[in-house]
Every structure is written in structure tokens, then in C-alpha cells.
$ cat work_10.txt   # compact mmCIF, C-alpha atoms
# COMPACT_ATOMS: atom_id res chain seq x y z
CA MET A 1 -28.40 36.63 44.15
CA GLY A 2 -31.31 38.71 42.81
CA VAL A 3 -31.39 42.42 42.12
CA ALA A 4 -34.53 44.51 42.42
CA ALA A 5 -35.96 46.55 39.56
CA GLY A 6 -33.94 49.66 38.96
CA GLY A 7 -30.80 47.96 40.15
CA GLY A 8 -28.13 45.85 38.60
CA LEU A 9 -24.90 44.03 39.30
CA TYR A 10 -21.81 45.97 38.39
CA LEU A 11 -18.99 43.64 37.38
CA TYR A 12 -15.44 44.58 38.31
CA GLY A 13 -13.72 41.50 37.05
CA VAL A 14 -13.13 37.80 37.29
CA VAL A 15 -10.61 36.14 39.60
CA PRO A 16 -9.75 32.59 40.65
CA SER A 17 -12.09 31.11 43.22
CA GLY A 18 -10.87 31.37 46.77
CA ILE A 19 -9.38 34.82 46.43
CA GLU A 20 -10.08 37.03 49.41
CA THR A 21 -12.36 39.80 48.19
CA PRO A 22 -12.68 43.37 49.47
CA GLU A 23 -15.44 44.14 51.92
CA GLY A 24 -18.77 44.90 50.30
CA VAL A 25 -18.03 43.04 47.08
CA GLU A 26 -20.32 40.17 46.15
CA THR A 27 -18.99 37.06 44.48
CA ILE A 28 -20.60 34.74 41.98
CA VAL A 29 -18.64 31.51 41.94
CA GLN A 30 -18.53 29.07 39.07
CA GLY A 31 -16.07 26.26 39.61
CA ALA A 32 -12.54 27.63 39.65
CA VAL A 33 -13.53 31.19 38.72
CA GLN A 34 -15.53 33.85 40.47
CA ALA A 35 -16.91 37.20 39.35
CA LEU A 36 -16.64 40.22 41.62
CA ALA A 37 -19.70 42.42 41.61
CA ALA A 38 -21.47 45.16 43.49
CA ARG A 39 -25.13 46.12 43.51
CA VAL A 40 -25.73 49.47 41.90
CA GLU A 41 -28.64 51.71 41.10
CA LEU A 42 -28.92 52.05 37.36
CA ALA A 43 -29.83 55.71 37.73
CA HIS A 44 -26.28 56.32 38.95
CA TRP A 45 -24.93 55.01 35.65
CA GLU A 46 -26.96 57.03 33.21
CA THR A 47 -24.85 58.46 30.44
CA PRO A 48 -25.48 62.15 31.19
CA ARG A 49 -24.09 61.69 34.68
CA LEU A 50 -21.02 59.93 33.37
CA CYS A 51 -20.34 62.85 31.07
CA GLU A 52 -19.72 64.99 34.15
CA PRO A 53 -15.92 64.96 34.41
CA ASP A 54 -15.81 64.61 38.18
CA VAL A 55 -18.31 61.75 38.20
CA LEU A 56 -16.51 59.94 35.41
CA ALA A 57 -13.14 60.39 37.09
CA GLN A 58 -14.47 59.10 40.41
CA ARG A 59 -16.04 56.04 38.78
CA ALA A 60 -12.94 55.29 36.74
CA HIS A 61 -10.64 55.52 39.74
CA HIS A 62 -12.98 53.38 41.82
CA HIS A 63 -13.14 50.66 39.17
CA ASP A 64 -9.37 50.65 38.77
CA GLU A 65 -8.58 50.79 42.47
CA MET A 66 -10.87 47.87 43.18
CA LEU A 67 -9.08 45.73 40.62
CA ARG A 68 -5.59 46.88 41.57
CA SER A 69 -6.28 46.04 45.20
CA LEU A 70 -6.40 42.40 44.09
CA LEU A 71 -2.99 42.39 42.40
CA PRO A 72 -1.07 41.23 45.48
CA GLN A 73 -3.20 38.08 45.49
CA CYS A 74 -3.78 37.37 41.82
CA THR A 75 -4.02 38.79 38.31
CA PRO A 76 -7.69 39.71 37.89
CA LEU A 77 -9.41 39.74 34.52
CA PRO A 78 -10.74 43.30 34.47
CA MET A 79 -14.14 44.00 32.99
CA ARG A 80 -14.50 47.15 30.98
CA MET A 81 -15.83 49.93 33.19
CA GLY A 82 -19.62 50.14 33.10
CA THR A 83 -20.38 46.46 32.66
CA ILE A 84 -23.68 45.95 34.46
CA LEU A 85 -25.83 42.85 34.33
CA ARG A 86 -29.36 42.59 35.61
CA CYS A 87 -28.95 39.90 38.23
CA GLY A 88 -26.72 37.23 39.67
CA GLY A 89 -28.35 34.66 37.43
CA ASP A 90 -27.14 36.51 34.36
CA VAL A 91 -23.64 36.69 35.77
CA ALA A 92 -23.66 32.97 36.57
CA GLN A 93 -24.92 32.21 33.09
CA TRP A 94 -22.19 34.30 31.53
CA LEU A 95 -19.57 32.57 33.70
CA ARG A 96 -20.85 29.16 32.66
CA ALA A 97 -20.96 30.06 28.98
CA ASN A 98 -17.39 31.39 29.02
CA TYR A 99 -15.96 29.18 31.71
CA ALA A 100 -13.26 27.53 29.63
CA VAL A 101 -12.04 30.81 28.17
CA LEU A 102 -12.07 32.60 31.53
CA ALA A 103 -10.21 29.79 33.27
CA GLN A 104 -7.67 29.67 30.45
CA LEU A 105 -7.15 33.45 30.56
CA LEU A 106 -6.68 33.44 34.32
CA GLU A 107 -4.08 30.74 34.00
CA ALA A 108 -2.30 32.41 31.09
CA LEU A 109 -2.14 35.79 32.83
CA ALA A 110 -1.34 34.51 36.32
CA GLY A 111 1.75 36.18 37.76
CA ARG A 112 1.70 38.90 35.11
CA GLU A 113 0.84 42.58 35.28
CA GLU A 114 0.32 45.39 32.82
CA TRP A 115 2.67 48.34 32.88
CA GLY A 116 2.47 51.59 31.01
CA LEU A 117 5.57 52.90 29.27
CA LYS A 118 5.64 56.52 28.17
CA LEU A 119 8.45 58.46 26.58
CA ALA A 120 8.25 62.24 26.50
CA LEU A 121 10.81 63.87 24.25
CA ASP A 122 11.71 67.45 23.47
CA ALA A 123 12.57 66.96 19.81
CA SER A 124 13.87 70.52 19.52
CA ALA A 125 16.66 69.63 21.94
CA LEU A 126 17.79 66.97 19.45
CA ALA A 127 17.81 69.39 16.53
CA PRO A 128 21.13 70.43 14.96
CA ALA A 129 22.09 74.09 15.28
CA PRO A 130 20.63 75.93 12.29
CA GLU A 131 23.09 77.29 9.77
CA PRO A 132 22.75 81.02 9.11
CA VAL A 133 21.09 81.90 5.81
CA SER A 134 23.52 83.86 3.68
CA VAL A 135 22.92 84.20 -0.06
CA PRO A 136 24.64 87.16 -1.67
CA GLY A 137 22.18 89.34 -3.49
CA ALA A 138 19.09 87.61 -2.18
CA GLY A 139 16.18 89.83 -1.27
CA GLU A 140 14.21 89.67 1.94
CA GLY A 141 11.56 87.43 0.37
CA MET A 142 14.11 84.89 -0.82
CA ARG A 143 15.92 84.94 2.52
CA TYR A 144 12.59 84.30 4.26
CA ILE A 145 11.92 81.29 2.05
CA LEU A 146 15.42 79.93 2.61
CA ARG A 147 15.04 80.33 6.37
CA LYS A 148 11.75 78.42 6.25
CA GLN A 149 13.31 75.63 4.19
CA ARG A 150 16.23 75.44 6.60
CA ASP A 151 13.91 75.31 9.63
CA ARG A 152 11.87 72.53 8.04
CA ALA A 153 15.00 70.51 7.36
CA VAL A 154 16.18 70.99 10.96
CA ALA A 155 12.76 69.93 12.29
CA ARG A 156 12.83 66.85 10.06
CA VAL A 157 16.24 65.83 11.38
CA ALA A 158 15.07 66.41 14.96
CA ASP A 159 11.98 64.29 14.38
CA GLU A 160 14.07 61.47 12.95
CA ALA A 161 16.42 61.68 15.91
CA ALA A 162 13.49 61.55 18.32
CA GLN A 163 12.07 58.55 16.51
CA ALA A 164 15.44 56.82 16.77
CA VAL A 165 15.49 57.45 20.51
CA ALA A 166 11.97 56.00 20.82
CA CYS A 167 13.00 52.89 18.89
CA SER A 168 16.09 52.51 21.03
CA VAL A 169 14.10 52.79 24.28
CA SER A 170 11.58 50.24 22.98
CA GLU A 171 14.35 47.80 22.12
CA GLU A 172 15.86 48.16 25.58
CA PHE A 173 12.57 47.23 27.25
CA ALA A 174 11.63 44.47 24.83
CA PRO A 175 13.57 41.61 26.52
CA LEU A 176 11.60 42.19 29.73
CA VAL A 177 8.20 42.15 28.07
CA GLU A 178 5.96 39.20 27.20
CA ARG A 179 3.40 41.12 25.16
CA TRP A 180 3.37 44.66 23.87
CA LEU A 181 0.55 46.93 22.70
CA SER A 182 0.66 50.54 21.54
CA LEU A 183 -2.00 52.74 23.11
CA PRO A 184 -3.41 55.83 21.38
CA PRO A 185 -0.73 58.48 20.88
CA ARG A 186 -0.55 61.26 23.45
CA PRO A 187 0.51 64.81 22.69
CA GLY A 188 4.14 65.32 23.63
CA PHE A 189 4.85 61.61 23.99
CA ARG A 190 6.81 59.47 21.54
CA LEU A 191 5.77 56.27 23.25
CA ASN A 192 2.53 55.34 24.97
CA GLU A 193 2.68 51.58 25.37
CA ALA A 194 1.06 48.81 27.37
CA LEU A 195 3.45 46.07 28.44
CA LEU A 196 2.59 42.67 29.87
CA VAL A 197 5.35 41.79 32.29
CA ALA A 198 5.91 38.93 34.73
CA ARG A 199 5.50 40.19 38.27
CA ASP A 200 8.97 39.07 39.27
CA ARG A 201 10.45 41.31 36.58
CA ALA A 202 8.97 44.54 37.94
CA SER A 203 12.22 45.56 39.61
CA LEU A 204 14.13 44.96 36.36
CA LEU A 205 11.59 47.12 34.60
CA ARG A 206 12.21 49.97 37.03
CA GLU A 207 15.96 49.56 36.64
CA GLN A 208 15.55 49.77 32.89
CA ARG A 209 13.48 52.93 33.29
CA ASP A 210 16.22 54.51 35.38
CA ALA A 211 18.88 53.54 32.84
CA ALA A 212 16.82 54.92 29.99
CA ASN A 213 16.21 58.14 31.88
CA ALA A 214 19.93 58.58 32.39
CA ARG A 215 20.39 58.26 28.65
CA VAL A 216 17.67 60.72 27.64
CA ALA A 217 18.37 63.18 30.44
CA GLY A 218 18.12 66.75 29.24
CA HIS A 219 15.75 66.11 26.39
CA GLY A 220 13.30 63.48 27.57
CA GLU A 221 11.78 61.40 30.30
CA VAL A 222 10.78 57.77 30.47
CA THR A 223 7.81 57.08 32.74
CA LEU A 224 6.38 53.81 33.98
CA THR A 225 2.79 53.56 35.20
CA GLY A 226 1.44 50.59 37.02
CA PRO A 227 1.24 47.88 37.85
CA TRP A 228 -2.21 47.66 36.30
CA PRO A 229 -4.55 44.73 35.91
CA PRO A 230 -4.10 43.43 32.36
CA TYR A 231 -6.74 45.70 30.81
CA SER A 232 -5.02 45.74 27.44
CA PHE A 233 -4.48 42.01 27.20
CA VAL A 234 -7.95 40.51 27.60
CA PRO A 235 -10.43 39.90 24.79
CA ALA A 236 -14.09 40.51 24.16
CA LEU A 237 -16.35 37.70 25.34
CA PRO A 238 -19.92 36.87 24.37
CA SER A 239 -22.84 38.27 26.34
CA PRO A 240 -25.09 36.02 28.40
CA GLU A 241 -27.91 34.54 26.42
CA ARG A 242 -31.39 35.04 27.72
CA PRO A 243 -34.04 32.37 27.29
CA MET B 24 -22.51 51.69 48.06
CA SER B 25 -18.81 51.79 48.72
CA PRO B 26 -17.21 48.38 48.51
CA LEU B 27 -13.80 49.93 48.80
CA ALA B 28 -14.39 51.68 52.10
CA GLY B 29 -11.41 51.18 54.34
CA HIS B 30 -9.50 49.25 51.69
CA PRO B 31 -6.18 50.97 51.08
CA VAL B 32 -4.73 50.80 47.59
CA ALA B 33 -1.18 51.71 46.70
CA PRO B 34 -1.06 54.58 44.24
CA THR B 35 -0.24 53.79 40.64
CA SER B 36 3.02 55.56 40.03
CA ALA B 37 2.97 58.47 37.59
CA ALA B 38 -0.46 57.52 36.26
CA THR B 39 -2.77 60.32 35.21
CA LEU B 40 -6.52 60.25 34.90
CA ALA B 41 -6.05 59.91 31.15
CA ASP B 42 -3.98 56.76 31.74
CA VAL B 43 -6.78 55.30 33.84
CA LEU B 44 -9.48 56.24 31.33
CA ASP B 45 -7.51 54.83 28.43
CA ARG B 46 -7.68 51.48 30.15
CA VAL B 47 -10.98 51.26 31.98
CA LEU B 48 -13.10 52.75 29.19
CA ASP B 49 -11.58 51.15 26.17
CA LYS B 50 -10.01 47.97 27.48
CA GLY B 51 -10.80 45.08 29.75
CA VAL B 52 -13.11 42.15 29.20
CA VAL B 53 -15.98 43.35 27.04
CA ILE B 54 -19.24 41.51 27.16
CA ALA B 55 -19.79 41.77 23.46
CA GLY B 56 -22.84 41.13 21.36
CA ASP B 57 -25.02 43.94 20.10
CA ILE B 58 -28.06 41.72 20.53
CA ALA B 59 -27.88 42.69 24.18
CA ILE B 60 -29.08 46.12 23.28
CA GLN B 61 -32.43 44.58 22.39
CA ILE B 62 -32.78 42.49 25.47
CA ALA B 63 -32.79 44.47 28.64
CA ASP B 64 -32.42 47.95 29.98
CA VAL B 65 -29.36 46.92 31.93
CA GLU B 66 -27.37 45.92 28.91
CA LEU B 67 -28.61 48.99 27.11
CA ILE B 68 -26.87 51.17 29.66
CA THR B 69 -23.64 49.28 29.22
CA ILE B 70 -23.85 49.58 25.47
CA LYS B 71 -24.52 53.30 25.74
CA ILE B 72 -21.37 53.75 27.74
CA ARG B 73 -19.46 51.72 25.21
CA LEU B 74 -20.76 53.73 22.31
CA LEU B 75 -20.53 57.17 23.85
CA LEU B 76 -17.44 56.84 25.96
CA ALA B 77 -15.56 54.29 23.95
CA SER B 78 -12.18 55.90 24.43
CA ALA B 79 -10.39 59.01 25.47
CA GLU B 80 -9.93 59.95 21.83
CA ARG B 81 -13.62 59.58 21.12
CA ALA B 82 -14.55 61.73 24.08
CA GLN B 83 -12.14 64.39 22.92
CA GLU B 84 -13.82 64.37 19.52
CA MET B 85 -17.15 64.77 21.28
CA GLY B 86 -15.88 67.79 23.16
CA ILE B 87 -16.13 66.22 26.60
CA ASP B 88 -13.63 67.99 28.82
CA TRP B 89 -12.78 65.15 31.10
CA TRP B 90 -9.43 66.60 31.82
CA LYS B 91 -10.55 70.15 32.35
CA ASN B 92 -7.20 71.06 33.85
CA ASP B 93 -5.30 69.67 30.90
CA ALA B 94 -4.57 72.51 28.52
CA PHE B 95 -4.27 70.27 25.50
CA LEU B 96 -7.65 68.65 25.95
CA SER B 97 -9.58 71.74 27.02
CA GLY B 98 -12.04 73.43 24.70
CA LYS B 99 -9.91 76.56 24.64
CA ALA B 100 -6.92 74.59 23.47
CA ARG B 101 -8.94 73.23 20.57
CA GLN B 102 -9.93 76.77 19.62
CA PHE B 103 -6.27 77.79 19.64
CA GLU B 104 -5.45 74.74 17.56
CA ASN B 105 -8.00 75.73 14.93
CA GLU B 106 -6.62 79.26 14.82
CA HIS B 107 -3.12 77.83 14.57
CA ASP B 108 -4.12 75.66 11.61
CA ALA B 109 -5.76 78.62 9.88
CA LEU B 110 -2.67 80.78 10.38
CA ARG B 111 -0.39 78.02 9.14
CA ALA B 112 -2.47 77.63 5.99
CA ARG B 113 -2.37 81.37 5.43
CA ILE B 114 1.42 81.49 5.84
CA GLU B 115 1.83 78.63 3.38
CA ARG B 116 -0.31 80.47 0.84
CA LEU B 117 1.81 83.59 1.28
CA GLU B 118 5.00 81.55 0.96
CA ARG B 119 3.80 80.05 -2.29
CA GLN B 120 3.00 83.52 -3.61
CA ILE B 121 6.48 84.76 -2.69
CA GLU B 122 8.13 81.68 -4.19
CA GLN B 123 6.27 82.17 -7.44
CA ASN B 124 7.24 85.82 -7.74
CA PRO B 125 9.80 86.93 -5.12
CA ASN B 126 11.06 89.95 -7.04
CA GLU B 127 7.62 91.47 -7.31
CA ARG B 128 7.19 91.27 -3.54
CA GLU B 129 10.63 92.69 -2.82
CA GLY B 130 10.24 95.47 -5.32
CA GLY B 131 6.65 96.29 -4.32
$ encode --input "work_10.txt" --output "C-alpha cells"
Amino acid sequence: MGVAAGGGLYLYGVVPSGIETPEGVETIVQGAVQALAARVELAHWETPRLCEPDVLAQRAHHHDEMLRSLLPQCTPLPMRMGTILRCGGDVAQWLRANYAVLAQLLEALAGREEWGLKLALDASALAPAPEPVSVPGAGEGMRYILRKQRDRAVARVADEAAQAVACSVSEEFAPLVERWLSLPPRPGFRLNEALLVARDRASLLREQRDAANARVAGHGEVTLTGPWPPYSFVPALPSPERP
Amino acid sequence: MSPLAGHPVAPTSAATLADVLDRVLDKGVVIAGDIAIQIADVELITIKIRLLLASAERAQEMGIDWWKNDAFLSGKARQFENEHDALRARIERLERQIEQNPNEREGG
């Protein structure tokens, strides 16, 4: 599988050999593993183009949708978006060099999926009702300071209560999860987590979400995203060596 | 090239673009090894993406408005945030002044 100058092979991921692949995807097979690739023009992947929000969004969704389409058949090892090698020979070389690790990862992750767990909380709804500030003889300046101190104390209590809710929700999900990774915090969310869950536990996960939502109703919402390919649970692997 | 043409995919429930970007840009199998940057133009492009678009947080720092409809991540929101920080600092300064000498302020 060669690629002409100006082109490259975009890698979506690695799956077990024998998996039925979507139309238009090329495969590079190495023993029990195969890489899924598509020919691309490198000009389409230049950084300035990717900085256009619409282009980046389209590419990201395409990459993800391709990998998710495989989930009913297997758990693919997703490549990071934008992984392009020059030719099929490079891909084959990379597969050979990392064969044992790739085969081991595929086996270890088989039957498992990544889920996203997010908890949005309105901490102010958990805050105690503020006591009125009443100090005989205090001037306006002192009353202002006392009100500020009171408001800070109320906010601190609300934050602690929100944190307790987040811990409680985490503990409720923990028995269903094989591996757990915190993703970068999101504004407005107390939890933004990646969970590795056995596929046959997906319904239990949804039931747990519903139960948690019943408990936080009125001041929060628990959201599940997924299933995703196990993006957050695969490691970095060495690049192909060139002679 | 559209390998996915005619290939239906079930929607990922409740996932936003930011959820997708968090994963596809910053996670997944990474063909590591900075030596690649010296070897071929193809790897160079991959490395560029890695360096410039390493994560949603990094892009936000760079001022890339991927989520132009997301108020929090828009450039205007950042401007408001800066103004908010400046106002908060000013209020805290005033509070300290009042705390140090409340009677002077009330009497003044």
C-alpha cells in the first residue's frame, strides 16, 4: 500500500484482524491485529485549516464516529486524531514493532467501553439561608464587612456540600467501573470523569445515573456520555523507525 | 475521501463537541517519539497538531474559539472574566481600607 507524494495514511485505530471495516477504509494487517487507515491529502491537515472551528469540529466528529461505528463488533484502540504516516510500509513497520503491546491492549480492553460521567451542580442551591446581619451600633461600613464575611462563609459551606455530593456520586458509580480517570475540569461541573466499564454493565450504569439524578434533582444533574472507544485508557507507543 | 459515507452511527448521548475534542485531541494511542519531527514531513504535521492542539485547555489558552457558541469559551467571555477579576480586586482593596478604618469612612 503506497501513498503518492503529498499524501499520507491517516490512522483511525487498531482492531483485531477479521473485523468488518467500514466502506472506504483501508486495512494493514499484521497477524492478529490490523490498522484502519484512509488516504488523505496532507494539505487538508495543515494546522491553519485545523484552527478553523468548523473544520476542526468536522474532523473530530469524523474521527470519533469512525471509531464508534466499530464498537458493536469490538473495542478499537483509537489513535489520537491527526496521526498520519507516510505510507502503508510505515504503518506495517509500526504494527510489527508494537505488535505484542497492541495485541495485549486489544485483549485487555476487549468487551470494555469508555463512558463520560459529568456532574453539574448549582452550589448556591445547597447553601444555607443567610442570617441577617444585625449589630447594634454598627455603621454602614461595618455592616457591609459583616455581610461580606457572612456571604463568604455561606459560599464555603455550599462548596463543601457540593464537594460532598460529588464524592457521594463518585462512590455510587465506583463499583461499576474498572478504571477511572479525571478529565480536565469544566466550568459548572463538579465531575468530568472517564470511566472504563464492561459492555455488559452499560445498563447498570444508566440505572445508576437515573438514581443519582433522582437524588440531586433540583440542584444538579448527572450526565453520561458514550459509549466511547477507550481514548483515555490507551498509552503512548513508539513511532516507526526509519532505516 | 469519505470512508464513512452511508455508514450510520448512533449518536453519543449528551456528548458535546468539547467532550469529543477532549478525547480525540488529547487522548488515544499516541505515536510518540520527537525524533519523528526530524524524519519526514508527514510526521511533522502530526507533531504540529499535537503541539498546537494538544488539548481543549491549551486551545482555550491560545484563544482558539472552537466552541464559538459557548459563552464561557468565547473571546467575549474571557474579556468579561478579566473585567470581573479587576473589579473583584478593586472591591477587596476597598474592603481592606474600610476594615482598617471603618469609622473614618462612615464619618466622612
$ closest_residue --input "work_10.txt" --among "A:Gly13, A:Pro184, A:Gly8, A:Pro175" --to "Arg80 of chain A" --atoms "all atoms listed in the file"
A:Gly13
$ closest_residue --input "work_10.txt" --among "B:Arg46, B:Arg119, B:Arg113, B:His107" --to "chain A" --atoms "only C-alpha atoms"
B:Arg46
$ residues_around --input "work_10.txt" --residues "segment 30-40 of chain A" --least-positions-apart "3" --cutoff "7 Å" --atoms "all atoms listed in the file" --output "VMD selection string"
chain A and resid 7 to 17 25 to 27 92 95 to 96 103
$ atom_distance --input "work_10.txt" --atom1 "atom CA of Leu48 of chain B" --atom2 "atom CA of Val177 of chain A"
23.8 Å
$ atom_distance --input "work_10.txt" --atom1 "atom CA of Leu121 of chain A" --atom2 "atom CA of Glu104 of chain B"
20.7 Å
$ closest_residue --input "work_10.txt" --among "A:Tyr144, A:Trp180, A:Phe173, A:Tyr99" --to "chain B" --atoms "only C-alpha atoms"
A:Tyr144
$ closest_residue --input "work_10.txt" --among "A:Ala194, A:Ala155, A:Val169, A:Leu109" --to "chain B" --atoms "all atoms listed in the file"
A:Ala194
$ atom_distance --input "work_10.txt" --atom1 "atom CA of Pro53 of chain A" --atom2 "atom CA of Glu113 of chain A"
28.0 Å
$ closest_atom_pairs --input "work_10.txt" --of "chain A" --to "chain B" --cutoff "6 Å" --atoms "only C-alpha atoms" --output "CSV"
residue,atom,partner,partner_atom,distance
A:Glu23,CA,B:Pro26,CA,5.7
A:Gly24,CA,B:Pro26,CA,4.2
A:Val25,CA,B:Pro26,CA,5.6
A:Pro53,CA,B:Trp89,CA,4.6
A:Ser69,CA,B:Val32,CA,5.5
A:Pro78,CA,B:Gly51,CA,5.0
A:Met79,CA,B:Val52,CA,4.3
A:Arg80,CA,B:Gly51,CA,4.4
A:Met81,CA,B:Val47,CA,5.2
A:Gly82,CA,B:Thr69,CA,5.7
A:Thr83,CA,B:Thr69,CA,5.5
A:Leu85,CA,B:Val65,CA,5.9
A:Arg86,CA,B:Val65,CA,5.7
A:Gly141,CA,B:Pro125,CA,5.8
A:Thr225,CA,B:Ala38,CA,5.2
A:Gly226,CA,B:Thr35,CA,5.1
A:Tyr231,CA,B:Gly51,CA,4.2
A:Ser232,CA,B:Lys50,CA,5.5
A:Val234,CA,B:Val52,CA,5.6
A:Pro235,CA,B:Val52,CA,5.6
A:Ala236,CA,B:Val53,CA,4.5
A:Leu237,CA,B:Ile54,CA,5.1
A:Pro238,CA,B:Ala55,CA,5.0
A:Ser239,CA,B:Ile54,CA,4.9
$ residues_around --input "work_10.txt" --residues "segment 210-223 of chain A" --least-positions-apart "5" --cutoff "6 Å" --atoms "only C-alpha atoms" --output "VMD selection string"
chain A and resid 117 to 122 125
